[in-house]
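Engineer: Contents of data-v8.csv (CSV, C-alpha atoms) are given next:
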```csv
chain,number,residue,atom,x,y,z
N,1,MET,CA,-4.0,7.3,-53.5
N,2,ARG,CA,-5.1,10.1,-55.8
N,3,ARG,CA,-8.7,9.6,-54.7
N,4,LEU,CA,-7.8,9.8,-51.1
N,5,ARG,CA,-5.9,13.0,-51.6
N,6,ALA,CA,-8.9,14.5,-53.4
N,7,MET,CA,-11.3,13.7,-50.4
N,8,PRO,CA,-12.2,16.5,-48.1
N,9,GLY,CA,-10.3,16.4,-44.7
N,10,ARG,CA,-13.4,15.6,-42.5
N,11,LEU,CA,-14.5,12.8,-44.8
N,12,LYS,CA,-11.0,11.3,-44.8
N,13,ALA,CA,-10.9,11.3,-41.0
N,14,ALA,CA,-14.3,9.7,-40.8
N,15,SER,CA,-13.4,6.9,-43.2
N,16,THR,CA,-10.1,6.3,-41.4
N,17,GLY,CA,-11.9,6.1,-38.1
N,18,ALA,CA,-14.5,3.7,-39.5
N,19,MET,CA,-11.7,1.4,-40.8
N,20,LEU,CA,-10.0,1.4,-37.4
N,21,VAL,CA,-13.2,0.5,-35.6
N,22,LEU,CA,-13.9,-2.2,-38.2
N,23,LEU,CA,-10.4,-3.6,-37.7
N,24,LEU,CA,-10.7,-3.5,-33.9
N,25,PHE,CA,-14.0,-5.5,-33.8
N,26,THR,CA,-13.1,-8.0,-36.4
N,27,SER,CA,-9.6,-8.7,-35.3
N,28,PRO,CA,-9.0,-12.5,-34.7
N,29,SER,CA,-7.6,-11.9,-31.2
N,30,ALA,CA,-10.8,-10.3,-30.0
N,31,ASN,CA,-13.0,-13.1,-31.4
N,32,ALA,CA,-10.8,-16.0,-30.3
N,33,GLN,CA,-11.1,-15.3,-26.6
N,34,PRO,CA,-13.3,-17.8,-24.8
N,35,GLN,CA,-16.2,-16.5,-22.7
N,36,PRO,CA,-15.6,-16.0,-18.9
N,37,PRO,CA,-17.4,-18.4,-16.6
N,38,LYS,CA,-20.6,-16.9,-15.2
N,39,ASP,CA,-20.6,-19.0,-12.0
N,40,PHE,CA,-18.8,-22.0,-10.4
N,41,VAL,CA,-20.6,-25.4,-10.4
N,42,ALA,CA,-19.7,-28.0,-7.7
N,43,VAL,CA,-19.3,-31.7,-8.6
N,44,ASP,CA,-18.7,-34.7,-6.4
N,45,GLU,CA,-16.0,-36.4,-8.6
N,46,THR,CA,-13.6,-35.5,-11.3
N,47,ALA,CA,-12.2,-37.8,-13.9
N,48,PRO,CA,-9.0,-39.4,-12.6
N,49,GLY,CA,-7.1,-38.4,-15.7
N,50,GLU,CA,-7.9,-34.8,-15.2
N,51,GLN,CA,-6.6,-34.7,-11.6
N,52,ILE,CA,-3.0,-35.6,-12.5
N,53,PRO,CA,-1.8,-32.5,-14.2
N,54,ALA,CA,-3.6,-30.2,-11.7
N,55,ILE,CA,-1.8,-31.5,-8.6
N,56,PRO,CA,1.7,-30.0,-9.4
N,57,LEU,CA,0.1,-26.7,-10.1
N,58,VAL,CA,-1.9,-26.6,-6.9
N,59,ALA,CA,1.1,-27.8,-4.9
N,60,THR,CA,3.3,-25.2,-6.4
N,61,ALA,CA,0.8,-22.4,-5.7
N,62,TYR,CA,0.3,-23.4,-2.1
N,63,GLY,CA,4.0,-24.2,-1.6
N,64,PHE,CA,5.0,-20.8,-3.0
N,65,ILE,CA,2.7,-18.9,-0.6
N,66,TRP,CA,3.8,-21.0,2.4
N,67,VAL,CA,7.6,-20.7,1.7
N,68,VAL,CA,7.5,-16.9,0.9
N,69,LEU,CA,5.2,-16.2,3.8
N,70,LEU,CA,7.4,-18.0,6.3
N,71,GLY,CA,10.5,-16.4,4.8
N,72,TYR,CA,8.9,-13.0,5.1
N,73,VAL,CA,7.9,-13.5,8.8
N,74,TRP,CA,11.4,-14.7,9.5
N,75,THR,CA,13.1,-11.6,7.9
N,76,LEU,CA,10.6,-9.3,9.6
N,77,GLY,CA,11.4,-10.8,13.0
N,78,ARG,CA,15.1,-10.5,12.3
N,79,ARG,CA,14.8,-6.9,11.2
N,80,LEU,CA,12.7,-6.0,14.3
N,81,ARG,CA,15.1,-7.7,16.7
N,82,LYS,CA,18.0,-5.8,15.1
N,83,VAL,CA,16.4,-2.3,15.2
N,84,GLU,CA,15.1,-2.9,18.8
N,85,GLY,CA,18.7,-3.8,19.9
N,86,GLU,CA,20.0,-0.7,18.2
N,87,LEU,CA,17.3,1.4,19.9
N,88,ALA,CA,18.0,0.0,23.3
N,89,GLU,CA,21.7,0.7,22.9
N,90,LEU,CA,21.1,4.3,21.8
N,91,GLU,CA,18.7,4.9,24.6
N,92,SER,CA,21.0,3.5,27.3
N,93,ARG,CA,23.8,5.8,25.8
N,94,ARG,CA,21.5,8.8,26.2
N,95,LYS,CA,20.9,8.2,30.0
N,96,PRO,CA,23.0,10.5,32.2
N,97,PRO,CA,26.0,8.7,33.7
N,98,PHE,CA,24.7,8.9,37.3
N,99,ALA,CA,21.6,6.9,36.3
N,100,ASN,CA,23.7,3.7,36.1
N,101,ALA,CA,25.9,4.4,39.1
N,102,THR,CA,25.1,2.6,42.4
N,103,GLY,CA,26.9,5.1,44.6
N,104,GLY,CA,23.9,7.4,44.7
N,105,LYS,CA,22.2,5.4,47.4
W,1,MET,CA,5.2,-7.3,20.3
W,2,THR,CA,1.9,-6.4,22.0
W,3,ARG,CA,-0.3,-9.1,23.5
W,4,SER,CA,-3.1,-8.4,21.0
W,5,THR,CA,-0.7,-8.8,18.1
W,6,LEU,CA,0.6,-12.1,19.6
W,7,TYR,CA,-3.0,-13.4,19.9
W,8,LEU,CA,-3.8,-12.4,16.4
W,9,LEU,CA,-0.6,-14.0,15.1
W,10,ALA,CA,-1.4,-17.3,16.9
W,11,LEU,CA,-5.0,-17.3,15.6
W,12,ALA,CA,-3.8,-16.6,12.0
W,13,ALA,CA,-1.1,-19.3,12.3
W,14,GLY,CA,-3.7,-21.8,13.6
W,15,MET,CA,-6.1,-21.0,10.8
W,16,PHE,CA,-3.4,-21.4,8.2
W,17,ALA,CA,-2.3,-24.7,9.7
W,18,ALA,CA,-5.9,-26.0,9.4
W,19,ALA,CA,-6.5,-24.5,6.0
W,20,PRO,CA,-5.3,-27.5,3.9
W,21,TRP,CA,-7.9,-29.8,5.5
W,22,ILE,CA,-10.7,-27.3,5.0
W,23,ILE,CA,-9.7,-26.7,1.4
W,24,ASN,CA,-9.3,-30.4,0.7
W,25,ALA,CA,-12.9,-31.0,1.9
W,26,ALA,CA,-14.3,-28.6,-0.7
W,27,PRO,CA,-15.7,-30.2,-3.8
W,28,ASN,CA,-14.0,-30.0,-7.3
W,29,GLU,CA,-15.4,-27.6,-9.9
W,30,ALA,CA,-17.3,-29.0,-12.9
W,31,THR,CA,-15.1,-27.6,-15.7
W,32,MET,CA,-11.8,-26.7,-13.9
W,33,GLY,CA,-11.6,-29.8,-11.7
W,34,LEU,CA,-9.1,-29.8,-8.9
W,35,VAL,CA,-7.0,-26.8,-10.1
W,36,TYR,CA,-9.7,-24.3,-9.1
W,37,LYS,CA,-8.7,-24.9,-5.5
W,38,ILE,CA,-5.9,-22.4,-6.0
W,39,TYR,CA,-8.7,-19.9,-5.8
W,40,PHE,CA,-9.0,-20.3,-2.0
W,41,PHE,CA,-5.5,-18.7,-1.6
W,42,HIS,CA,-5.5,-16.7,-4.8
W,43,MET,CA,-8.6,-14.6,-4.2
W,44,PRO,CA,-7.8,-13.7,-0.6
W,45,SER,CA,-4.3,-12.8,-1.6
W,46,ALA,CA,-5.7,-10.6,-4.4
W,47,TRP,CA,-8.1,-8.9,-1.9
W,48,MET,CA,-5.2,-8.2,0.5
W,49,PHE,CA,-3.1,-6.9,-2.4
W,50,LEU,CA,-5.8,-4.3,-3.3
W,51,ILE,CA,-6.7,-3.4,0.3
W,52,SER,CA,-3.0,-2.9,1.1
W,53,ALA,CA,-2.6,-0.6,-1.9
W,54,LEU,CA,-5.5,1.4,-0.6
W,55,VAL,CA,-4.0,1.5,3.0
W,56,ALA,CA,-0.7,2.7,1.5
W,57,GLY,CA,-2.5,5.4,-0.4
W,58,VAL,CA,-4.6,6.6,2.5
W,59,ALA,CA,-1.7,6.6,4.9
W,60,SER,CA,0.4,8.6,2.4
W,61,ALA,CA,-2.4,11.1,2.0
W,62,ARG,CA,-2.5,11.5,5.8
W,63,PHE,CA,1.3,12.0,5.8
W,64,LEU,CA,1.4,14.4,2.9
W,65,PHE,CA,-1.7,16.6,3.6
W,66,PHE,CA,-2.1,16.4,7.4
W,67,LYS,CA,1.7,16.1,8.3
W,68,LYS,CA,1.2,12.9,10.4
W,69,ALA,CA,4.7,11.6,10.7
W,70,THR,CA,3.7,8.1,11.9
W,71,ALA,CA,1.4,7.7,8.8
W,72,ASP,CA,4.5,7.4,6.7
W,73,GLY,CA,5.5,4.3,8.6
W,74,TRP,CA,2.1,2.8,8.0
W,75,ALA,CA,2.4,3.7,4.3
W,76,VAL,CA,5.8,2.0,3.9
W,77,ALA,CA,4.5,-1.1,5.8
W,78,ALA,CA,1.4,-1.3,3.6
W,79,ALA,CA,3.5,-0.8,0.4
W,80,GLU,CA,5.7,-3.7,1.3
W,81,LEU,CA,2.7,-5.9,2.0
W,82,THR,CA,1.2,-4.9,-1.3
W,83,VAL,CA,4.2,-6.3,-3.0
W,84,LEU,CA,4.1,-9.5,-0.9
W,85,PHE,CA,0.4,-10.2,-1.5
W,86,GLY,CA,0.7,-9.0,-5.1
W,87,SER,CA,3.4,-11.6,-5.7
W,88,PHE,CA,1.1,-14.3,-4.3
W,89,THR,CA,-1.6,-13.2,-6.6
W,90,LEU,CA,0.6,-12.9,-9.7
W,91,VAL,CA,2.2,-16.3,-9.1
W,92,THR,CA,-0.9,-18.4,-8.2
W,93,GLY,CA,-3.0,-16.8,-11.0
W,94,PRO,CA,-0.9,-18.0,-13.9
W,95,LEU,CA,-0.6,-21.5,-12.2
W,96,TRP,CA,-4.4,-21.7,-12.2
W,97,ALA,CA,-4.7,-20.2,-15.7
W,98,ARG,CA,-2.3,-22.7,-17.2
W,99,ARG,CA,-4.8,-25.5,-16.5
W,100,ALA,CA,-8.1,-23.5,-16.7
W,101,TRP,CA,-7.4,-21.3,-19.8
W,102,GLY,CA,-4.5,-23.3,-21.4
W,103,VAL,CA,-2.1,-20.3,-21.1
W,104,TRP,CA,0.1,-18.9,-18.3
W,105,TRP,CA,-0.8,-15.3,-19.0
W,106,GLN,CA,-3.2,-13.2,-21.0
W,107,TRP,CA,-2.7,-9.5,-21.6
W,108,ASP,CA,-6.2,-8.6,-20.7
W,109,ALA,CA,-7.4,-5.6,-18.6
W,110,ARG,CA,-7.5,-7.4,-15.2
W,111,LEU,CA,-4.1,-9.1,-15.4
W,112,THR,CA,-2.3,-6.2,-17.0
W,113,SER,CA,-3.7,-3.6,-14.5
W,114,SER,CA,-2.8,-5.9,-11.6
W,115,LEU,CA,0.8,-6.3,-12.9
W,116,VAL,CA,1.0,-2.5,-13.3
W,117,LEU,CA,-0.2,-2.0,-9.7
W,118,PHE,CA,2.4,-4.5,-8.5
W,119,LEU,CA,5.2,-2.7,-10.5
W,120,MET,CA,4.1,0.7,-9.1
W,121,PHE,CA,4.6,-0.5,-5.5
W,122,ILE,CA,8.0,-2.1,-6.4
W,123,ALA,CA,8.9,1.3,-7.8
W,124,TYR,CA,7.7,2.9,-4.5
W,125,LEU,CA,9.9,0.6,-2.4
W,126,LEU,CA,12.9,1.2,-4.6
W,127,LEU,CA,12.3,5.0,-4.3
W,128,ARG,CA,12.1,4.8,-0.5
W,129,ARG,CA,15.2,2.6,-0.3
W,130,PHE,CA,17.5,4.6,-2.7
W,131,GLY,CA,15.7,7.9,-3.1
W,132,GLY,CA,17.6,9.8,-0.4
W,133,PRO,CA,16.3,12.9,1.2
W,134,GLY,CA,12.8,13.9,0.1
W,135,SER,CA,11.9,10.5,-1.1
W,136,ASP,CA,9.2,10.2,1.6
W,137,LYS,CA,7.1,13.0,0.1
W,138,LEU,CA,7.8,11.9,-3.5
W,139,GLY,CA,6.9,8.3,-2.4
W,140,ALA,CA,3.7,9.5,-0.7
W,141,GLY,CA,2.6,11.2,-4.0
W,142,MET,CA,3.4,8.1,-5.9
W,143,ALA,CA,1.4,5.9,-3.5
W,144,ILE,CA,-1.7,8.2,-3.7
W,145,PHE,CA,-1.4,8.0,-7.5
W,146,SER,CA,-1.0,4.2,-7.4
W,147,MET,CA,-4.0,3.8,-5.1
W,148,PHE,CA,-6.4,4.9,-7.9
W,149,ASN,CA,-5.3,2.0,-10.0
W,150,VAL,CA,-7.1,-0.3,-7.5
W,151,ILE,CA,-10.4,1.0,-8.8
W,152,PHE,CA,-9.3,0.2,-12.4
W,153,VAL,CA,-8.2,-3.4,-11.3
W,154,TRP,CA,-11.5,-4.0,-9.5
W,155,VAL,CA,-13.9,-2.9,-12.3
W,156,SER,CA,-11.7,-4.2,-15.2
W,157,VAL,CA,-13.4,-7.6,-15.3
W,158,ASN,CA,-16.9,-6.0,-15.5
W,159,TYR,CA,-16.2,-3.5,-18.2
W,160,TRP,CA,-13.6,-5.0,-20.6
W,161,ARG,CA,-13.5,-8.3,-22.5
W,162,THR,CA,-11.6,-10.8,-20.4
W,163,ILE,CA,-11.5,-14.5,-19.6
W,164,HIS,CA,-10.9,-13.8,-15.9
W,165,PRO,CA,-14.0,-14.6,-13.8
W,166,PRO,CA,-16.0,-11.5,-12.9
W,167,THR,CA,-16.5,-10.2,-9.4
W,168,SER,CA,-20.1,-11.6,-9.4
W,169,VAL,CA,-18.7,-15.1,-9.0
W,170,VAL,CA,-18.1,-14.8,-5.2
W,171,PRO,CA,-21.8,-14.2,-4.1
W,172,THR,CA,-23.0,-17.1,-6.4
W,173,LEU,CA,-20.6,-19.7,-4.9
W,174,PRO,CA,-22.3,-22.9,-3.6
W,175,VAL,CA,-22.1,-23.2,0.2
W,176,GLU,CA,-19.5,-26.0,0.2
W,177,MET,CA,-17.2,-23.7,-1.8
W,178,GLY,CA,-18.1,-20.6,0.0
W,179,ILE,CA,-17.2,-21.8,3.5
W,180,PRO,CA,-13.5,-22.6,2.7
W,181,LEU,CA,-13.3,-19.4,0.7
W,182,TRP,CA,-14.5,-17.2,3.6
W,183,TYR,CA,-12.4,-19.2,6.0
W,184,CYS,CA,-9.3,-18.3,3.9
W,185,VAL,CA,-10.4,-14.7,3.6
W,186,THR,CA,-10.6,-14.5,7.4
W,187,ALA,CA,-7.2,-16.1,7.8
W,188,PHE,CA,-5.6,-13.8,5.2
W,189,THR,CA,-7.2,-10.7,6.8
W,190,LEU,CA,-5.9,-11.6,10.3
W,191,LEU,CA,-2.5,-12.3,8.9
W,192,TYR,CA,-2.5,-9.0,7.0
W,193,ILE,CA,-3.4,-7.1,10.2
W,194,VAL,CA,-0.6,-8.8,12.2
W,195,LEU,CA,2.0,-8.2,9.5
W,196,LEU,CA,1.0,-4.6,8.9
W,197,ARG,CA,1.3,-3.9,12.7
W,198,LEU,CA,4.7,-5.5,12.9
W,199,ARG,CA,6.0,-3.9,9.8
W,200,ALA,CA,4.8,-0.5,10.8
W,201,ARG,CA,6.4,-1.0,14.3
W,202,LEU,CA,9.7,-1.7,12.5
W,203,GLU,CA,9.4,1.5,10.5
W,204,HIS,CA,8.5,3.6,13.6
W,205,GLN,CA,11.4,2.1,15.5
W,206,ARG,CA,13.7,3.0,12.6
W,207,ALA,CA,12.4,6.6,12.7
W,208,ARG,CA,13.2,6.7,16.5
W,209,VAL,CA,16.7,5.4,15.9
W,210,ASP,CA,17.3,8.1,13.3
W,211,GLU,CA,16.1,10.7,15.7
W,212,LEU,CA,18.5,9.5,18.4
W,213,TYR,CA,21.4,9.5,16.0
W,214,LEU,CA,20.6,13.0,15.0
W,215,ALA,CA,20.3,14.1,18.6
W,216,GLU,CA,23.7,12.6,19.4
W,217,GLU,CA,25.3,14.5,16.5
W,218,SER,CA,23.8,17.8,17.5
```
Written as structure tokens, that's how I'd like the structure from this file.
Structural biologist:
Amino acid sequence: MRRLRAMPGRLKAASTGAMLVLLLFTSPSANAQPQPPKDFVAVDETAPGEQIPAIPLVATAYGFIWVVLLGYVWTLGRRLRKVEGELAELESRRKPPFANATGGK
Amino acid sequence: MTRSTLYLLALAAGMFAAAPWIINAAPNEATMGLVYKIYFFHMPSAWMFLISALVAGVASARFLFFKKATADGWAVAAAELTVLFGSFTLVTGPLWARRAWGVWWQWDARLTSSLVLFLMFIAYLLLRRFGGPGSDKLGAGMAIFSMFNVIFVWVSVNYWRTIHPPTSVVPTLPVEMGIPLWYCVTAFTLLYIVLLRLRARLEHQRARVDELYLAEES
């Protein structure tokens, strides 16, 4: 501690920076990550045991998209119908009264 | 609904209905097995997520700098679709990762920046919903700011240490995997165009309703 205090400010900053860099590059979390795949390789068959756990995940992924998408389209249609009804009502209210009357003929 | 929108919707619905057979015909992947097939919906969803964020940003810039009132409707529509496609990406990704990486989530640059982008557009929608007067301009600024995160999301896999596959995977795909992927990309793009048009129409109709109410009051 006394030695650190005795160091000039620039040297102290440089040694602290070097320690931080060293810590960053030697941290276990940085080294433990597996490497990303460079490309995808096609195979004809997969071991039967491997296919079992994948099916619920694939089904959940596709099921989620289908359900949310259908729900969204439904709500969008409902909102559109509602606002178009409101717009039609407002526009009919804006028309002058004689426009709807038949006595003009 | 215009006739072209109706045709596009029918085409997109037909493509989505046929998609399970086309995806099922694709081969399994050597190391990931069957679970990689999530990719055929995950990747197009992610593309639409990023494209939609860009659309929202560009439309907001048109609204803010060129005073195009209709552009605001397009921005709101695109922002809502960013959240929709973002939710697809952020739900299907962890389902794939659970089997492929052994974990649901990894706080790496790609996943974290995608989550931040998603949260930014949720914040945008909340601001537009509850922000009151002036929230359109504030929201436009926010959408422009959020748009720049798209670049960060896109390059993150190429510049930072990550276990997410890099962008270079797509061009190197074998033909039997590439065909279903591009089929799904086309289906998602068509769907995105249809939903964007319908959602923007809703926003433009709402603006017209507001105008009429104001005209009645004055």
Engineer: At a cut-off of 8 Å, which residues of chain N touch chain W? Count all atoms listed in the file and give the answer as a VMD selection string.
Structural biologist: chain N and resid 33 to 46 50 to 51 53 to 55 57 to 58 60 to 62 64 to 65 73 76 79 to 80 83 to 84 86 to 87 90 to 91
Engineer: What gap, in Å, lies between atom CA of W:Glu80 and atom CA of W:Ala187?
Structural biologist: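 Between atom CA of W:Glu80 and atom CA of W:Ala187 the gap is 19.0 Å.
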Engineer: Measure the distance from atom CA of W:Tyr183 to atom CA of W:Ile51 in Å and round it to one decimal.
Structural biologist: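 Taking atom CA of W:Tyr183 and atom CA of W:Ile51, their separation equals 17.7 Å.
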Engineer: One number please: atom CA of W:Leu191 to atom CA of W:Leu9, in Å, one decimal.
Structural biologist: 6.7 Å
Engineer: Write out as a list in words each polymer residue whose atoms come within 10 Å of W:Thr112, counting only C-alpha atoms; drop sequence neighbours fewer than 6 positions from it.
Structural biologist: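 That gives Trp105, Gln106, Phe118, Val153 and Ser156 of chain W.
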Engineer: Find the residue from W:Cys184, W:Leu111, W:Leu126, W:Leu117 that sits nearest to W:Phe145; use all atoms listed in the file when measuring.
Structural biologist: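 Ranked by minimum distance to W:Phe145, first place goes to W:Leu117.
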Engineer: Need to verify the contact set: W:Met142, 9 Å, only C-alpha atoms, exclusion of same-chain residues closer than 2 positions in sequence. Can you return it as a ChimeraX atom specification?
Structural biologist: /W:57,60,120-121,123-124,137-140,144-147
